[in-house]
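Next comes work27.txt, a file with compact mmCIF, C-alpha atoms.
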# COMPACT_ATOMS: atom_id res chain seq x y z
CA MET A 1479 262.53 135.02 109.17
CA ASP A 1480 261.06 137.31 111.86
CA LEU A 1481 257.68 139.05 111.92
CA GLU A 1482 259.06 142.54 111.31
CA ASN A 1483 260.80 141.36 108.16
CA LEU A 1484 257.55 139.82 106.87
CA ARG A 1485 255.66 142.99 107.65
CA GLY A 1486 258.28 144.98 105.77
CA GLN A 1487 257.69 142.81 102.72
CA ILE A 1488 253.94 143.36 103.04
CA ASP A 1489 254.44 147.15 103.22
CA SER A 1490 256.60 147.09 100.09
CA ILE A 1491 254.06 145.01 98.18
CA ASP A 1492 251.22 147.28 99.36
CA SER A 1493 253.06 150.31 97.98
CA GLN A 1494 253.40 148.57 94.61
CA ILE A 1495 249.72 147.56 94.65
CA LEU A 1496 248.72 151.15 95.44
CA GLN A 1497 250.72 152.56 92.53
CA LEU A 1498 249.29 149.94 90.16
CA PHE A 1499 245.79 150.62 91.47
CA ILE A 1500 246.13 154.36 90.80
CA GLU A 1501 247.51 153.61 87.33
CA ARG A 1502 244.59 151.26 86.64
CA MET A 1503 242.06 153.88 87.75
CA HIS A 1504 243.63 156.53 85.48
CA ILE A 1505 243.42 154.17 82.51
CA GLY A 1506 239.79 153.55 83.44
CA GLU A 1507 239.23 157.32 83.25
CA GLN A 1508 240.63 157.34 79.72
CA ILE A 1509 238.32 154.45 78.79
CA ALA A 1510 235.40 156.44 80.20
CA GLY A 1511 236.34 159.39 77.98
CA TYR A 1512 236.44 157.12 74.93
CA LYS A 1513 233.05 155.61 75.83
CA GLN A 1514 231.53 159.05 76.19
CA GLU A 1515 232.94 160.17 72.85
CA LYS A 1516 231.55 157.04 71.13
CA GLU A 1517 228.32 157.15 73.18
CA LEU A 1518 228.98 153.74 74.71
CA PRO A 1519 227.62 152.67 78.11
CA VAL A 1520 229.92 152.43 81.13
CA LEU A 1521 228.64 148.93 81.88
CA ASN A 1522 230.13 146.12 79.77
CA LYS A 1523 229.23 142.78 81.36
CA ALA A 1524 230.97 140.74 78.67
CA ARG A 1525 234.27 142.51 79.37
CA GLU A 1526 233.81 142.06 83.13
CA ARG A 1527 233.21 138.32 82.72
CA GLU A 1528 236.28 138.07 80.49
CA ILE A 1529 238.49 139.73 83.12
CA LEU A 1530 237.13 137.63 85.98
CA ALA A 1531 237.43 134.38 84.03
CA ARG A 1532 241.10 135.15 83.27
CA ILE A 1533 241.80 136.02 86.92
CA GLN A 1534 240.16 132.80 88.12
CA ALA A 1535 242.22 130.76 85.68
CA GLU A 1536 245.51 132.39 86.74
CA ALA A 1537 244.96 132.62 90.52
CA GLY A 1538 245.37 128.96 91.42
CA GLU A 1539 244.49 128.17 95.02
CA MET A 1540 243.76 131.86 95.65
CA GLU A 1541 241.00 131.86 93.02
CA ALA A 1542 238.13 132.70 95.39
CA TYR A 1543 240.04 135.58 97.00
CA ALA A 1544 241.26 136.94 93.67
CA TYR A 1545 237.70 136.86 92.33
CA GLN A 1546 236.50 139.05 95.22
CA LEU A 1547 239.43 141.44 94.86
CA PHE A 1548 238.94 142.01 91.15
CA THR A 1549 235.16 142.25 91.48
CA THR A 1550 235.79 145.16 93.86
CA LEU A 1551 238.38 146.72 91.54
CA ILE A 1552 235.96 146.58 88.62
CA GLU A 1553 233.20 148.13 90.72
CA LEU A 1554 235.49 150.97 91.85
CA SER A 1555 236.51 151.63 88.27
CA LYS A 1556 232.86 151.82 87.14
CA VAL A 1557 232.06 154.18 90.02
CA ARG A 1558 234.88 156.52 88.95
CA GLN A 1559 233.89 156.37 85.29
CA THR A 1560 230.29 157.14 86.16
CA GLU A 1561 231.37 160.12 88.28
CA LEU A 1562 233.23 161.61 85.34
CA TYR A 1563 230.92 160.89 82.42
CA SER A 1564 227.24 160.31 83.03
CA ALA A 1565 223.92 161.72 82.00
CA PRO A 1566 222.35 164.23 84.40
CA SER A 1567 220.45 162.70 87.31
CA ARG A 1568 217.21 163.82 88.93
CA VAL A 1569 218.53 163.49 92.47
CA ARG A 1570 221.40 166.00 92.06
CA PRO A 1571 219.32 169.15 91.45
CA TYR A 1572 216.83 168.00 94.08
CA ILE A 1573 219.58 167.82 96.73
CA GLU A 1574 221.55 170.83 95.48
CA ASN A 1575 218.43 173.00 95.78
CA ALA A 1576 218.08 171.88 99.40
CA LEU A 1577 221.75 172.59 100.09
CA ALA A 1578 221.56 176.02 98.45
CA ALA A 1579 219.58 177.38 101.42
CA PRO A 1580 221.57 178.49 104.49
CA GLU A 1581 222.10 175.59 106.90
CA GLU A 1582 219.52 175.79 109.69
CA VAL A 1583 219.14 174.21 113.12
CA PHE A 1584 215.95 172.16 113.41
CA PRO A 1585 213.28 174.34 115.09
CA ARG A 1586 211.65 173.68 118.44
CA THR A 1587 208.34 175.31 117.53
CA GLY A 1588 205.86 175.04 114.68
CA THR A 1589 202.59 173.41 113.69
CA ILE A 1590 202.80 169.65 113.35
CA ALA A 1591 200.23 167.09 112.14
CA CYS A 1592 199.79 163.82 113.99
CA GLN A 1593 197.48 160.83 113.42
CA GLY A 1594 195.32 159.89 116.40
CA VAL A 1595 194.29 161.69 119.56
CA GLU A 1596 195.89 163.04 122.73
CA GLY A 1597 197.91 160.44 124.63
CA GLY A 1598 199.15 158.40 121.66
CA ASN A 1599 202.74 157.45 120.93
CA SER A 1600 202.69 159.78 117.92
CA GLN A 1601 201.89 162.66 120.26
CA ALA A 1602 204.86 161.68 122.45
CA ALA A 1603 207.04 161.69 119.32
CA CYS A 1604 205.73 165.16 118.40
CA ASP A 1605 206.64 166.45 121.86
CA LYS A 1606 210.15 165.03 121.56
CA LEU A 1607 210.74 166.36 118.05
CA LEU A 1608 209.10 169.77 118.51
CA PRO A 1609 208.98 170.45 122.28
CA ARG A 1610 207.01 173.69 121.88
CA GLY A 1611 205.06 172.62 118.81
CA ASN A 1612 201.34 173.03 118.18
CA ILE A 1613 199.87 169.59 117.42
CA VAL A 1614 197.00 169.16 114.96
CA TYR A 1615 195.35 165.73 115.26
CA VAL A 1616 194.05 164.02 112.12
CA LYS A 1617 192.35 160.69 111.46
CA SER A 1618 194.77 158.85 109.17
CA PHE A 1619 198.37 158.67 108.00
CA GLU A 1620 197.33 160.08 104.62
CA ALA A 1621 195.62 162.98 106.39
CA VAL A 1622 199.01 163.84 107.95
CA PHE A 1623 200.43 164.27 104.44
CA ASP A 1624 197.34 166.24 103.39
CA ALA A 1625 197.72 168.64 106.32
CA VAL A 1626 201.31 169.38 105.33
CA GLU A 1627 200.45 169.52 101.62
CA SER A 1628 197.73 172.11 102.21
CA GLY A 1629 199.96 174.33 104.35
CA LEU A 1630 197.86 173.77 107.46
CA CYS A 1631 200.96 172.31 109.14
CA LYS A 1632 204.66 172.78 108.46
CA PHE A 1633 205.55 169.27 109.63
CA GLY A 1634 203.95 165.86 110.07
CA VAL A 1635 204.91 162.96 112.34
CA LEU A 1636 204.41 159.29 111.45
CA PRO A 1637 205.60 155.90 112.75
CA ILE A 1638 207.91 154.26 110.21
CA GLU A 1639 209.38 151.18 111.88
CA ASN A 1640 209.07 149.02 114.98
CA SER A 1641 211.90 146.85 116.29
CA ALA A 1642 209.56 143.90 116.90
CA ASN A 1643 206.97 144.24 114.14
CA GLY A 1644 208.94 145.71 111.23
CA SER A 1645 208.26 148.62 108.90
CA VAL A 1646 204.96 150.45 108.63
CA ARG A 1647 204.41 149.67 104.94
CA SER A 1648 201.49 152.07 104.53
CA VAL A 1649 203.73 155.01 105.51
CA TYR A 1650 206.44 153.92 103.04
CA ASP A 1651 203.74 153.66 100.35
CA LEU A 1652 202.64 157.23 101.08
CA LEU A 1653 206.23 158.49 100.99
CA LEU A 1654 206.68 156.82 97.62
CA ARG A 1655 203.46 158.23 96.16
CA LYS A 1656 203.55 161.75 97.56
CA ARG A 1657 207.26 162.63 97.32
CA PHE A 1658 207.62 164.26 100.72
CA SER A 1659 210.95 164.65 102.51
CA ILE A 1660 212.02 163.21 105.87
CA VAL A 1661 213.65 166.03 107.85
CA ARG A 1662 214.00 164.52 111.35
CA ALA A 1663 213.43 161.27 113.23
CA THR A 1664 213.25 159.98 116.77
CA THR A 1665 212.89 156.66 118.55
CA LEU A 1666 210.58 155.86 121.46
CA HIS A 1667 210.59 152.91 123.85
CA ILE A 1668 207.09 151.44 123.55
CA ARG A 1669 205.34 149.71 126.46
CA HIS A 1670 201.83 148.32 126.08
CA GLU A 1671 199.25 147.86 128.84
CA LEU A 1672 195.79 146.31 128.91
CA LEU A 1673 193.37 149.07 129.90
CA VAL A 1674 189.76 148.67 131.06
CA LYS A 1675 187.04 150.65 132.77
CA PRO A 1676 187.43 150.62 136.56
CA GLY A 1677 186.00 147.41 138.02
CA THR A 1678 186.32 145.30 134.85
CA LYS A 1679 188.04 141.93 135.38
CA LEU A 1680 189.97 139.86 132.84
CA SER A 1681 187.19 137.28 132.78
CA ASP A 1682 184.73 140.03 131.77
CA ILE A 1683 186.59 141.01 128.59
CA THR A 1684 185.15 139.94 125.24
CA GLU A 1685 186.78 142.53 122.95
CA ILE A 1686 190.22 144.16 122.81
CA TYR A 1687 190.85 147.24 120.64
CA SER A 1688 194.18 148.59 119.44
CA HIS A 1689 196.23 149.59 116.42
CA GLU A 1690 197.36 146.69 114.23
CA GLN A 1691 201.04 147.36 115.00
CA ALA A 1692 200.38 147.18 118.76
CA ILE A 1693 198.34 144.00 118.23
CA GLY A 1694 201.32 142.46 116.41
CA GLN A 1695 203.68 143.57 119.18
CA CYS A 1696 201.52 141.84 121.80
CA SER A 1697 200.83 138.65 119.85
CA ARG A 1698 202.06 136.25 122.53
CA TYR A 1699 199.86 137.75 125.24
CA LEU A 1700 196.84 137.76 122.94
CA ALA A 1701 197.50 134.13 122.00
CA SER A 1702 197.50 133.24 125.71
CA LEU A 1703 193.83 134.27 125.86
CA ASN A 1704 193.07 131.14 123.78
CA GLY A 1705 190.78 132.84 121.31
CA LYS A 1706 188.20 133.76 123.96
CA VAL A 1707 188.51 137.46 123.15
CA ARG A 1708 187.85 139.19 119.81
CA VAL A 1709 190.74 141.45 118.76
CA VAL A 1710 189.59 144.52 116.82
CA PRO A 1711 192.08 146.76 114.96
CA CYS A 1712 191.47 150.51 115.10
CA ALA A 1713 193.22 153.70 114.03
CA ASN A 1714 195.47 154.30 117.01
CA THR A 1715 196.30 153.01 120.50
CA ALA A 1716 195.08 156.27 122.04
CA VAL A 1717 191.89 156.07 119.96
CA ALA A 1718 191.41 152.55 121.36
CA ALA A 1719 191.68 153.85 124.93
CA GLN A 1720 189.29 156.70 124.15
CA MET A 1721 186.75 154.29 122.62
CA VAL A 1722 186.79 152.07 125.71
CA ALA A 1723 186.52 155.04 128.08
CA GLU A 1724 183.66 156.70 126.20
CA GLY A 1725 181.86 153.53 125.09
CA VAL A 1726 179.01 151.73 126.81
CA ASN A 1727 180.44 148.22 126.43
CA PRO A 1728 181.61 147.06 129.88
CA HIS A 1729 183.38 144.07 128.32
CA ALA A 1730 185.80 146.09 126.15
CA ALA A 1731 189.53 146.63 126.73
CA ALA A 1732 192.29 148.51 124.93
CA ILE A 1733 195.96 147.86 124.35
CA SER A 1734 197.41 151.29 124.96
CA SER A 1735 199.81 153.21 127.21
CA HIS A 1736 199.98 154.25 130.86
CA ALA A 1737 199.62 157.87 129.75
CA CYS A 1738 196.30 157.01 128.11
CA ALA A 1739 195.12 155.23 131.26
CA GLU A 1740 195.61 158.45 133.23
CA LEU A 1741 194.26 160.66 130.44
CA TYR A 1742 191.02 158.69 129.92
CA GLY A 1743 190.39 157.47 133.48
CA LEU A 1744 191.02 153.76 132.77
CA SER A 1745 192.51 151.06 134.98
CA VAL A 1746 195.63 149.08 134.09
CA LEU A 1747 194.57 145.43 134.18
CA LYS A 1748 197.98 144.15 133.07
CA ASP A 1749 201.16 146.03 132.19
CA ASP A 1750 204.10 145.24 129.90
CA ILE A 1751 202.15 142.86 127.64
CA GLN A 1752 204.41 143.48 124.63
CA ASP A 1753 206.31 140.44 123.34
CA SER A 1754 209.68 142.04 124.07
CA ASP A 1755 211.00 144.76 126.36
CA ASN A 1756 213.28 145.67 123.47
CA ASN A 1757 210.32 147.30 121.75
CA TYR A 1758 211.12 150.57 120.01
CA THR A 1759 209.30 152.55 117.34
CA ARG A 1760 211.02 155.02 115.05
CA PHE A 1761 208.99 158.08 114.08
CA ILE A 1762 209.77 160.37 111.17
CA CYS A 1763 209.05 164.06 110.73
CA ILE A 1764 208.09 165.00 107.18
CA ALA A 1765 208.01 168.27 105.26
CA LYS A 1766 206.75 169.11 101.79
CA ASN A 1767 210.06 170.45 100.50
CA PRO A 1768 213.52 168.95 101.03
CA ILE A 1769 215.26 170.60 103.98
CA ILE A 1770 218.63 169.34 105.19
CA TYR A 1771 219.12 170.65 108.71
CA ALA A 1772 222.40 170.91 110.58
CA GLY A 1773 223.66 167.57 111.92
CA SER A 1774 221.84 165.41 109.36
CA ASN A 1775 223.62 162.05 109.22
CA LYS A 1776 221.00 159.52 108.07
CA ILE A 1777 219.81 158.99 104.49
CA SER A 1778 216.65 157.07 103.61
CA MET A 1779 215.61 155.97 100.13
CA ILE A 1780 213.45 153.50 98.25
CA LEU A 1781 214.74 151.76 95.14
CA ASP A 1782 214.41 148.60 93.10
CA CYS A 1783 216.98 146.46 91.37
CA ARG A 1784 216.95 144.16 88.41
CA ASN A 1785 215.42 140.73 88.98
CA GLU A 1786 218.62 138.85 88.16
CA PRO A 1787 221.43 137.09 90.05
CA GLY A 1788 223.86 139.47 91.73
CA ALA A 1789 221.77 142.63 91.16
CA LEU A 1790 221.34 143.43 94.86
CA LYS A 1791 224.97 142.62 95.56
CA SER A 1792 225.96 145.08 92.85
CA LEU A 1793 223.91 147.85 94.49
CA LEU A 1794 225.46 147.14 97.89
CA SER A 1795 228.92 147.11 96.30
CA LYS A 1796 228.35 150.59 94.92
CA ILE A 1797 227.44 151.86 98.39
CA SER A 1798 230.39 150.06 99.98
CA ALA A 1799 232.77 151.46 97.36
CA TYR A 1800 232.12 154.93 98.77
CA GLY A 1801 232.76 153.78 102.34
CA VAL A 1802 229.12 154.28 103.39
CA ASN A 1803 227.47 151.99 105.93
CA THR A 1804 224.06 150.49 105.14
CA SER A 1805 222.19 150.47 108.47
CA LYS A 1806 218.92 149.09 107.08
CA ILE A 1807 217.82 147.15 104.03
CA GLU A 1808 214.36 145.63 103.80
CA SER A 1809 212.61 144.10 100.82
CA CYS A 1810 208.95 144.65 100.00
CA PRO A 1811 207.09 142.74 97.25
CA VAL A 1812 205.73 144.81 94.35
CA VAL A 1813 201.96 144.36 94.20
CA GLY A 1814 200.87 142.67 90.98
CA ARG A 1815 204.36 141.64 89.88
CA ASN A 1816 205.50 138.12 90.77
CA PHE A 1817 208.77 137.81 92.71
CA GLU A 1818 209.75 141.46 92.18
CA PHE A 1819 210.74 143.65 95.09
CA ILE A 1820 211.53 147.19 96.08
CA PHE A 1821 213.97 147.90 98.89
CA TYR A 1822 213.94 150.31 101.80
CA PHE A 1823 217.45 151.57 102.55
CA ASP A 1824 218.91 153.59 105.43
CA LEU A 1825 222.49 154.80 105.09
CA ASP A 1826 224.75 156.38 107.72
CA ALA A 1827 225.88 159.39 105.70
CA SER A 1828 225.35 163.06 104.88
CA VAL A 1829 224.94 164.49 101.39
CA ARG A 1830 227.42 167.16 102.49
CA GLU A 1831 230.18 164.52 102.58
CA PRO A 1832 232.36 164.21 99.45
CA GLY A 1833 231.28 161.34 97.21
CA VAL A 1834 227.83 160.76 98.72
CA LEU A 1835 225.90 162.68 96.05
CA PRO A 1836 227.73 160.89 93.19
CA MET A 1837 226.92 157.59 94.94
CA LEU A 1838 223.21 158.47 95.02
CA GLU A 1839 223.38 159.40 91.33
CA GLU A 1840 224.95 156.03 90.55
CA LEU A 1841 222.21 154.22 92.47
CA GLU A 1842 219.55 156.19 90.61
CA ARG A 1843 221.05 155.35 87.21
CA ASN A 1844 221.04 151.66 88.06
CA SER A 1845 217.44 151.56 89.32
CA GLU A 1846 214.18 151.89 87.47
CA LEU A 1847 212.62 153.23 90.66
CA PHE A 1848 214.64 155.54 92.89
CA ASN A 1849 213.14 157.78 95.57
CA PHE A 1850 215.41 159.82 97.82
CA LEU A 1851 213.41 160.24 101.03
CA GLY A 1852 215.66 162.63 102.89
CA ASN A 1853 218.85 163.34 104.80
CA TYR A 1854 218.13 163.97 108.47
CA ALA A 1855 219.21 163.48 112.08
CA VAL A 1856 217.78 160.92 114.53
CA VAL A 1857 217.32 162.41 118.00

Rewrite the coordinates I just gave you, this time as structure tokens.
Amino acid sequence: MDLENLRGQIDSIDSQILQLFIERMHIGEQIAGYKQEKELPVLNKAREREILARIQAEAGEMEAYAYQLFTTLIELSKVRQTELYSAPSRVRPYIENALAAPEEVFPRTGTIACQGVEGGNSQAACDKLLPRGNIVYVKSFEAVFDAVESGLCKFGVLPIENSANGSVRSVYDLLLRKRFSIVRATTLHIRHELLVKPGTKLSDITEIYSHEQAIGQCSRYLASLNGKVRVVPCANTAVAAQMVAEGVNPHAAAISSHACAELYGLSVLKDDIQDSDNNYTRFICIAKNPIIYAGSNKISMILDCRNEPGALKSLLSKISAYGVNTSKIESCPVVGRNFEFIFYFDLDASVREPGVLPMLEELERNSELFNFLGNYAVV
């Protein structure tokens, strides 16, 4: 038997499977109608276990493959039933209100809040996101939110994730508490340098100042100093450079950038002290109200899932069932609750695409905590 003949048989079987799949989905729709009429939930774990147990018993040596196939079929059926008959969600009106406005191109001007001082990486992110923007510097990440909340600034820029040192949890916490929307993002290549006052030698240094993220990104270099230098966290890498430049301590140094060396008149004692050259930080641009600008193709959200076997897999299956790629998933422990986690998700999708909004509704219905952070473009 030749290959073309075998492929022909496969094509014929696939056509039969497709017709049976469509028939199965239509019957599932009828079941959903019955459940709605009788006020029954879509989820019926006992029935799912019964189906999977029967399939495993009948599949013989293909048991493992059959189990995966029918798990997917059941998930697709539940997704379709939920689309047709479900209680209203909170995320739908939130997104529909944003989509009701005419689609806009992201502006190049405006007032934007930024934590730190001139010369910081956040300022560089502001310049990239809003090339003709007016930057307002504030002292903390929360103050960025406050500036936008008060109407002082239209936008705010914050670091959200570093390739070497992970997510900036404090920013995620603020997004969760304050219900702001991410409307844009950008990524910067971060290089760290050891800056000192002119004439200071390495042997003179007793203290190094920097932001805690930069300290983490330069951990190997700092460890090479063998504990002879005190490392002091501060608000921002540019603030660290400013403190060294304006301070009276001749033994202080800062982990900061080359731009800050020029800006504050410092000398570069050692460059590229970050652990990895593959060191990138993603910055987000926030706004008070949800705005979905033209070209938005990234979705961010925070959610939890039940603390039980297979719960996370079920969430990922729902996303996969809609053909959406999960580009980031990160767990974060819930403070005060043992072994319980929330998850940060990034999806490669737009809410303008068919099926994406129903998918988000399904995720919301299956999570006690669900926070849609925004649909935006990364530039």

### Summary
Counting all atoms listed in the file, the residue among A:Cys1631, A:Ile1777, A:Leu1484, A:Ile1797 that lies closest to Thr1550 in chain A is A:Ile1797

#### Entry: Gap from CA of Lys1675 in chain A to CA of Val1707 in chain A - Å, one decimal
16.4 Å

Could I get the residues of range 1709-1744 of chain A with an atom no further than 9 Å from an atom of range 1749-1760 of chain A, each paired with its nearest atom pair and that distance in Å to one decimal, using all atoms listed in the file, sorted by chain and residue number, as a tab-separated table?
residue	atom	partner	partner_atom	distance
A:Ile1733	CA	A:Ile1751	CA	8.6
A:Ser1735	CA	A:Asp1749	CA	8.8
A:His1736	CA	A:Asp1749	CA	8.4

Would you pick out the contacts of Thr1804 in chain A at 8 Å or less, using only C-alpha atoms, so that residues sharing its chain but fewer than 6 positions from it are not included, and give the list as a PDB file with C-alpha atoms, keeping the file's coordinate frame?
ATOM      1  CA  ILE A1797     227.440 151.860  98.390  1.00  0.00           C
ATOM      2  CA  PHE A1823     217.450 151.570 102.550  1.00  0.00           C
ATOM      3  CA  ASP A1824     218.910 153.590 105.430  1.00  0.00           C
ATOM      4  CA  LEU A1825     222.490 154.800 105.090  1.00  0.00           C
ATOM      5  CA  ASP A1826     224.750 156.380 107.720  1.00  0.00           C
TER       6      ASP A1826
END

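Of note, CA of Ala1625 in chain A and CA of Gln1593 in chain A are spaced 10.6 Å apart.
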
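Of note, CA of Ser1648 in chain A and CA of Phe1623 in chain A are spaced 12.2 Å apart.
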
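The shortest atom-to-atom distance to Lys1679 in chain A, with only C-alpha atoms taken into account, belongs to A:Ser1745 out of A:Ser1745, A:Gln1497, A:Gln1534, A:Ser1641.
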
### Task
Do a neighbour search on range 1518-1522 of chain A at 12 Å with all atoms listed in the file, toss out local chain neighbours closer than 3 positions, and write the hits as a PyMOL selection string.
chain A and resi 1506-1515+1525-1529+1552-1553+1555-1565+1792+1840+1843-1844

Keeping C-alpha atoms, export the residues of the selection given above as a compact mmCIF listing (two decimals), keeping the file's coordinate frame.
# COMPACT_ATOMS: atom_id res chain seq x y z
CA GLY A 1506 239.79 153.55 83.44
CA GLU A 1507 239.23 157.32 83.25
CA GLN A 1508 240.63 157.34 79.72
CA ILE A 1509 238.32 154.45 78.79
CA ALA A 1510 235.40 156.44 80.20
CA GLY A 1511 236.34 159.39 77.98
CA TYR A 1512 236.44 157.12 74.93
CA LYS A 1513 233.05 155.61 75.83
CA GLN A 1514 231.53 159.05 76.19
CA GLU A 1515 232.94 160.17 72.85
CA ARG A 1525 234.27 142.51 79.37
CA GLU A 1526 233.81 142.06 83.13
CA ARG A 1527 233.21 138.32 82.72
CA GLU A 1528 236.28 138.07 80.49
CA ILE A 1529 238.49 139.73 83.12
CA ILE A 1552 235.96 146.58 88.62
CA GLU A 1553 233.20 148.13 90.72
CA SER A 1555 236.51 151.63 88.27
CA LYS A 1556 232.86 151.82 87.14
CA VAL A 1557 232.06 154.18 90.02
CA ARG A 1558 234.88 156.52 88.95
CA GLN A 1559 233.89 156.37 85.29
CA THR A 1560 230.29 157.14 86.16
CA GLU A 1561 231.37 160.12 88.28
CA LEU A 1562 233.23 161.61 85.34
CA TYR A 1563 230.92 160.89 82.42
CA SER A 1564 227.24 160.31 83.03
CA ALA A 1565 223.92 161.72 82.00
CA SER A 1792 225.96 145.08 92.85
CA GLU A 1840 224.95 156.03 90.55
CA ARG A 1843 221.05 155.35 87.21
CA ASN A 1844 221.04 151.66 88.06

Give me, as a Markdown table, each residue of range 1837-1857 of chain A that comes within 12 Å of range 1597-1613 of chain A, together with its shortest interatomic pair and the distance in Å at one decimal, counting all atoms listed in the file, with rows ordered by chain and rising residue number.
| residue | atom | partner | partner_atom | distance |
| --- | --- | --- | --- | --- |
| A:Ala1855 | CA | A:Leu1607 | CA | 10.8 |
| A:Val1856 | CA | A:Leu1607 | CA | 9.6 |
| A:Val1857 | CA | A:Leu1607 | CA | 7.7 |

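Excluding Phe1633 in chain A and any residue on its chain fewer than 5 positions from it, the residues at most 8 Å away by only C-alpha atoms are A:Gly1588, A:Thr1589, A:Ile1590, A:Ala1591, A:Val1626, A:Cys1763, A:Ile1764, A:Ala1765, A:Lys1766.
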
### Message
Please list as a PyMOL selection string every residue within 6 Å of Gly1852 in chain A, counting only C-alpha atoms and excluding residues in the same chain fewer than 2 positions away.
### Response
chain A and resi 1659-1660+1777-1778+1850

### Task
May I ask which of the residues A:Leu1703, A:Val1726, A:Val1802, A:Leu1790 is the closest one to Ile1686 in chain A, counting only C-alpha atoms?
A:Leu1703

For range 1592-1607 of chain A, which lacks atoms in the input, supply N, CA and C atoms and format the output as a short mmCIF file (atom, residue, chain, number, x, y, z; two decimals), in the coordinates of the input.
data_model
loop_
_atom_site.label_atom_id
_atom_site.label_comp_id
_atom_site.auth_asym_id
_atom_site.auth_seq_id
_atom_site.Cartn_x
_atom_site.Cartn_y
_atom_site.Cartn_z
N CYS A 1592 199.58 165.09 113.31
CA CYS A 1592 199.79 163.82 113.99
C CYS A 1592 198.52 162.99 113.89
N GLN A 1593 198.65 161.71 113.51
CA GLN A 1593 197.48 160.83 113.42
C GLN A 1593 197.09 160.34 114.81
N GLY A 1594 195.78 160.41 115.13
CA GLY A 1594 195.32 159.89 116.40
C GLY A 1594 194.70 160.96 117.28
N VAL A 1595 194.84 160.75 118.58
CA VAL A 1595 194.29 161.69 119.56
C VAL A 1595 195.32 161.87 120.67
N GLU A 1596 195.00 162.76 121.60
CA GLU A 1596 195.89 163.04 122.73
C GLU A 1596 196.20 161.76 123.50
N GLY A 1597 197.48 161.59 123.84
CA GLY A 1597 197.91 160.44 124.63
C GLY A 1597 198.57 159.34 123.83
N GLY A 1598 198.56 159.43 122.50
CA GLY A 1598 199.15 158.40 121.66
C GLY A 1598 200.66 158.50 121.59
N ASN A 1599 201.29 157.44 121.08
CA ASN A 1599 202.74 157.45 120.93
C ASN A 1599 203.18 158.51 119.92
N SER A 1600 202.36 158.74 118.90
CA SER A 1600 202.69 159.78 117.92
C SER A 1600 202.74 161.15 118.57
N GLN A 1601 201.85 161.38 119.54
CA GLN A 1601 201.89 162.66 120.26
C GLN A 1601 203.18 162.78 121.08
N ALA A 1602 203.60 161.67 121.70
CA ALA A 1602 204.86 161.68 122.45
C ALA A 1602 206.04 161.97 121.53
N ALA A 1603 205.99 161.42 120.31
CA ALA A 1603 207.04 161.69 119.32
C ALA A 1603 207.04 163.15 118.91
N CYS A 1604 205.84 163.73 118.73
CA CYS A 1604 205.73 165.16 118.40
C CYS A 1604 206.39 166.00 119.49
N ASP A 1605 206.09 165.68 120.74
CA ASP A 1605 206.64 166.45 121.86
C ASP A 1605 208.16 166.36 121.91
N LYS A 1606 208.70 165.20 121.54
CA LYS A 1606 210.15 165.03 121.56
C LYS A 1606 210.81 165.77 120.40
N LEU A 1607 210.17 165.72 119.23
CA LEU A 1607 210.74 166.36 118.05
C LEU A 1607 210.58 167.88 118.07
#
